Every structure is written in C-alpha cells, then in structure tokens.
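Notes to accompany the following structure.
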Amino acid sequence: MARPVSDPGPAEDAALTRAAQAGDVSALALLLERHRPGMRAVALSVLGPGPDVDDVMQEAALVALRRIVDVRDPQAVGPWLRMVVRNGCRTLLRASHRLEPVEEVPLPPYSVTPERVLESHALRDWIWEAVETLSPALRLPVVLRYFSTGVTSYQQIAEACAVPVGTVRSRLSQARTSLARALTATAATAHEDTGLRTRESWQEARATLAAAERGEFGKVVRDRYSPTVALTVGGKHLGGPDLLLNGMDSDLSAGVRQRPVHVVAGRSLMVWEMELINPADDPAHCPPGVAWIMTLDAGRVDRVRLHHAARPPAPTE
C-alpha cells in the first residue's frame with residue numbers, strides 16, 4: 001500500500017535530515033515541504049484560521065534553519081518540526097494575551113545559542129547572505145530576534161529600535177516573507193565565511209575594551225568609527241564621538257568594566273552583548289548588561305545603539 005503524502009517515511013526523513021545538517025540546502029527545503037501539511041495542521045488546531053498561521057509557519061522555518069543540527073534522532077524530525085510550530089503558537093498567544101486551548105509540548109533542552117549553532121554547520125553562510133539582502137529596517141529586528149541572546153523579546157526589540165511593539169511584529173512578519181524569497185535566491189551564490197567574521201568581531205570586542213582600559217579608546221574610535229558616528233539610546237540621539245569617549249572614560253573612572261558574552265557579526269551590522277561589572281562599593285552603578293548594536297557603512301561604524309538590560313527587581317521585605 002502506498003504511504004500517504006502526509007506521512008513521510010522515517011528512513012527518507014533521516015536521510016534528508018542528515019544531509020541538511022551537513023549543509024545541503026535543497027535537503028532542508030525538501031524536508032520542510034514534506035512536513036508542511038502536518039506543521040500547518042498543528043498551527044490551525046492551536047490558532048484557528050487566519051494570518052497568524054502563516055506567520056508561525058514562516059517563523060518555524062527560520063527556527064528549523066538555525067536548529068536542524070540540534071535534532072538528535074533524524075527519524076523523528078517530523079515531531080520535532082511540529083513541536084517547533086506548537087511553541088511558536090504559544091509564543092504568539094502569550095504576546096497577544098490570548099488563551100491557548102491545548103497543553104504545552106516543550107522542546108528538548110537547548111543550551112547552545114542560535115549564533116553558535118550557525119557557526120557549527122555549513123548553512124550559516126547561506127542564511128547570513130540572505131539576511132544581508134533585507135532592508136536596514138527589517139534586518140535589525142531579525143538579527144536581534146534570531147541571533148542575539150539578550151534582546152529577543154518583542155518588547156526588548158521595540159526598545160532597542162525605538163518603535164512600538166506592533167511595528168516590531170509587523171517588521172518581523174515582512175522580514176520573514178522577504179527572507180524566504182532571499183534564501184531561495186541566494187542558495188546557489190557565493191557566501192562569505194560568517195564564522196570567520198564572527199571570530200574577528202569577538203577579537204575586536206575584546207581588543208576595544210583592552211584599549212579603553214589602557215586609555216587608548218580614542219584611537220579605536222578614530223580608526224574604526226565614522227567621524228560622524230551617532231550614539232543613540234532608546235531612539236534618542238545623544239551625541240557623537242566625543243560622547244562615546246566621555247561615556248567610556250566615565251565608566252572606567254567609576255570602576256565599571258565590561259565583558260563580552262555574545263557577539264553577532266555581519267557585513268552591515270554587529271551586536272556586542274556585554275556584561276557590566278560594577279565596583280564592589282557601588283554594585284548598582286550600572287545595569288547588569290548592555291548591548292552595543294552597531295551599523296556599519298563601508299566597514300566603519302556609523303551608528304551605535306545602546307540597549308541596557310533591565311535591572312533585577314528590588315527584593316521585597
């Protein structure tokens with residue numbers, strides 16, 4: 001008896017999954033297409049008919065791109081993809097304060113960041129090449145949502161981009177649609193080595209902080225930043241190079257140090273996520289962390305957005 005189209009065979013699934021994990025773009029695309037009916041059925045059962053279903057399906061495809069290497073049992077990739085969809089539905093329901101009619105099915109434990117997953121397999125360069133084709137307004141929320149570790153919620157992205165939460169959701173929806181087209185268009189083109197670019201950005205982040213502690217941050221700004229670089233916080237323009245220098249000097253003089261904990265790097269956008277280490281005698285001087293969100297023009301930083309991590313709530317008596 002022929003197998004129903006909606007029930008892909010486990011042997012074929014395993015072969016496609018292993019090929020996708022090795023970087024075969026066409027295998028991943030075929031895998032998603034084979035399981036699309038089952039994935040969509042899950043979305044419809046949780047959300048009901050409507051445009052949210054398409055958004056969740058697109059988001060699930062992006063999650064699969066980032067996390068296909070995390071599938072431990074290639075024959076069970078179908079249930080894994082359906083769990084990705086279910087969790088995407090739950091996230092959407094929580095964001096819109098709606099009640100979910102089904103029980104949660106959690107994803108397996110996952111301790112590796114999306115960006116580190118990208119570093120571990122051949123799909124990373126292809127994905128980043130597609131991300132670079134997005135407009136700046138769409139690229140920034142996509143990079144924060146899918147590749148950062150501390151600026152991923154709609155509210156955090158809205159604060160970092162200085163736009164309403166509704167605008168973030170709209171831009172991410174547009175970006176997912178554009179990215180699906182771009183992924184197809186760039187699959188066969190030459191791709192830069194994103195892993196190398198990321199490693200170089202880690203080195204640059206550490207070197208920048210070391211230079212600042214030696215009193216040489218001014219040289220870094222002159223060499224690496226545009227003369228008209230703009231510093232913004234929450235969408236407000238605060239100043240240019242002088243404010244960058246004064247802010248760094250002020251923090252160092254107060255005994256505050258920064259330690260990079262996560263780096264995202266593309267041709268046109270870098271994100272350095274920093275832990276802020278306050279002096280022992282003033283533990284609340286700065287928030288616990290800050291993200292340097294930097295756009296680049298011709299290889300030089302032309303805008304720095306700072307997004308500070310929220311302070312933990314004060315203990316109650």
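The chains in the structure tokens are called A, B, ... from first to last as shown; in each chain the residues are counted from 1, and the ligands are counted from 1 in the order shown.
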Practice item. Write out as a PyMOL selection string all residues of range 25-246 of chain A that backbone DSSP assigns to alpha helix (DSSP H). Key: chain A and resi 25-47+51-67+77-95+114-119+123-132+136-147+154-161+165-186+194-213+217-224+241-246
Point to revise | Shell around Leu179 in chain A at 10 Å using only C-alpha atoms, local window under 4 positions removed, as a VMD selection string | key: chain A and resid 58 62 127 130 to 134 138 to 139 142 172 to 175 183 to 185
Could you please take those selected residues and save N, CA and C atoms as an mmCIF file, in the first residue's frame?
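Output contents, as saved in part09.cif:
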```
data_model
loop_
_atom_site.group_PDB
_atom_site.id
_atom_site.type_symbol
_atom_site.label_atom_id
_atom_site.label_comp_id
_atom_site.auth_asym_id
_atom_site.auth_seq_id
_atom_site.Cartn_x
_atom_site.Cartn_y
_atom_site.Cartn_z
ATOM 1 N N GLN A 58 6.182 30.566 8.932
ATOM 2 C CA GLN A 58 7.428 31.193 8.482
ATOM 3 C C GLN A 58 8.459 31.215 9.605
ATOM 4 N N LEU A 62 12.356 29.384 9.960
ATOM 5 C CA LEU A 62 13.599 30.024 10.378
ATOM 6 C C LEU A 62 14.221 29.309 11.571
ATOM 7 N N ILE A 127 22.488 31.517 5.234
ATOM 8 C CA ILE A 127 21.471 32.265 5.966
ATOM 9 C C ILE A 127 21.878 33.731 6.094
ATOM 10 N N ALA A 130 21.444 35.816 3.008
ATOM 11 C CA ALA A 130 20.052 36.220 2.812
ATOM 12 C C ALA A 130 19.673 37.352 3.753
ATOM 13 N N VAL A 131 20.125 37.297 5.008
ATOM 14 C CA VAL A 131 19.827 38.364 5.973
ATOM 15 C C VAL A 131 20.359 39.698 5.471
ATOM 16 N N GLU A 132 21.541 39.672 4.846
ATOM 17 C CA GLU A 132 22.143 40.924 4.365
ATOM 18 C C GLU A 132 21.342 41.570 3.247
ATOM 19 N N THR A 133 20.475 40.807 2.573
ATOM 20 C CA THR A 133 19.682 41.393 1.496
ATOM 21 C C THR A 133 18.482 42.183 2.010
ATOM 22 N N LEU A 134 18.133 42.025 3.290
ATOM 23 C CA LEU A 134 16.995 42.743 3.846
ATOM 24 C C LEU A 134 17.313 44.229 3.982
ATOM 25 N N LEU A 138 14.303 46.144 8.345
ATOM 26 C CA LEU A 138 13.901 44.759 8.593
ATOM 27 C C LEU A 138 15.052 43.929 9.146
ATOM 28 N N ARG A 139 16.276 44.252 8.727
ATOM 29 C CA ARG A 139 17.430 43.443 9.137
ATOM 30 C C ARG A 139 17.662 43.509 10.636
ATOM 31 N N VAL A 142 15.326 41.341 12.798
ATOM 32 C CA VAL A 142 15.592 39.926 12.525
ATOM 33 C C VAL A 142 16.847 39.462 13.250
ATOM 34 N N LEU A 172 8.874 42.104 11.580
ATOM 35 C CA LEU A 172 9.319 40.711 11.585
ATOM 36 C C LEU A 172 8.503 39.877 10.602
ATOM 37 N N SER A 173 7.207 40.160 10.510
ATOM 38 C CA SER A 173 6.375 39.445 9.554
ATOM 39 C C SER A 173 6.832 39.739 8.121
ATOM 40 N N GLN A 174 7.074 41.017 7.822
ATOM 41 C CA GLN A 174 7.582 41.378 6.495
ATOM 42 C C GLN A 174 8.935 40.735 6.233
ATOM 43 N N ALA A 175 9.782 40.748 7.262
ATOM 44 C CA ALA A 175 11.131 40.212 7.102
ATOM 45 C C ALA A 175 11.109 38.723 6.824
ATOM 46 N N LEU A 183 16.344 33.597 0.759
ATOM 47 C CA LEU A 183 17.030 32.328 0.989
ATOM 48 C C LEU A 183 17.063 31.508 -0.295
ATOM 49 N N THR A 184 15.956 31.525 -1.029
ATOM 50 C CA THR A 184 15.920 30.805 -2.303
ATOM 51 C C THR A 184 16.859 31.452 -3.313
ATOM 52 N N ALA A 185 16.849 32.783 -3.356
ATOM 53 C CA ALA A 185 17.646 33.498 -4.355
ATOM 54 C C ALA A 185 19.142 33.385 -4.105
#
```
Exercise for review: Measure the distance from CA of Asp249 in chain A to CA of His308 in chain A in Å and round it to one decimal.
Suggested key: 17.8 Å
**Study point:** Of the listed residues A:Leu92, A:Leu296, A:Leu245, A:Cys286, that which approaches Ser226 in chain A most closely, counting only C-alpha atoms
**Key:** A:Leu296
Review point. What is the CA of Trp292 in chain A to CA of Trp272 in chain A distance in Å?
Key: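 CA of Trp292 in chain A sits 5.0 Å away from CA of Trp272 in chain A.
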Check your understanding: CA of Gln75 in chain A to CA of Asp55 in chain A: how many Å, to one decimal?
Key ->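 Computing it gives 26.4 Å between the two atoms.
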Practice item. Counting only C-alpha atoms, figure out which residue out of A:Val71, A:Ile277, A:Leu244, A:Val143 gets nearest to Val264 in chain A. Key: A:Val143
Practice item. Name the closest residue to Gln155 in chain A among the candidates A:Ala14, A:Met39, A:Val168, A:Leu32; distances are taken between atoms, counting only C-alpha atoms. Key: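 Residue with the minimum atom-to-atom distance to Gln155 in chain A: A:Val168.
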Review point. Counting only C-alpha atoms, what is within 7 Å of Leu144 in chain A, bar same-chain residues fewer than 5 positions away, as number ranges by chain?
Key: A: 151-152, 157
Selection above as a file: N, CA and C atoms, as a PDB file, in the first residue's frame:
```
ATOM      1  N   VAL A 151      18.383  40.408  23.617  1.00  0.00           N
ATOM      2  CA  VAL A 151      17.450  41.401  23.062  1.00  0.00           C
ATOM      3  C   VAL A 151      16.552  40.660  22.069  1.00  0.00           C
ATOM      4  N   THR A 152      15.749  39.744  22.579  1.00  0.00           N
ATOM      5  CA  THR A 152      14.984  38.858  21.691  1.00  0.00           C
ATOM      6  C   THR A 152      13.469  39.010  21.794  1.00  0.00           C
ATOM      7  N   ILE A 157      13.134  44.348  21.656  1.00  0.00           N
ATOM      8  CA  ILE A 157      13.456  44.818  20.303  1.00  0.00           C
ATOM      9  C   ILE A 157      12.837  46.185  20.060  1.00  0.00           C
TER      10      ILE A 157
END
```
Review point. Hey, which of A:Asp242, A:Glu275, A:Asp223, A:Asp282 ends up closest to Arg300 in chain A? Count only C-alpha atoms.
Key: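 Among the listed residues, the smallest separation from Arg300 in chain A belongs to A:Asp223.
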Point to revise | Selected residue of minimal separation from Arg176 in chain A among A:Arg90, A:Arg145, A:Arg259, A:Ala309, counting only C-alpha atoms | key: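 Between A:Arg90, A:Arg145, A:Arg259, A:Ala309, the residue approaching Arg176 in chain A most closely is A:Arg145.
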Exercise for review: Find the spatial neighbours of Thr167 in chain A, counting only C-alpha atoms, within a cut-off of 10 Å - ignore same-chain residues fewer than 6 positions away - and output them as a PyMOL selection string.
Suggested key: chain A and resi 154+158+161+173
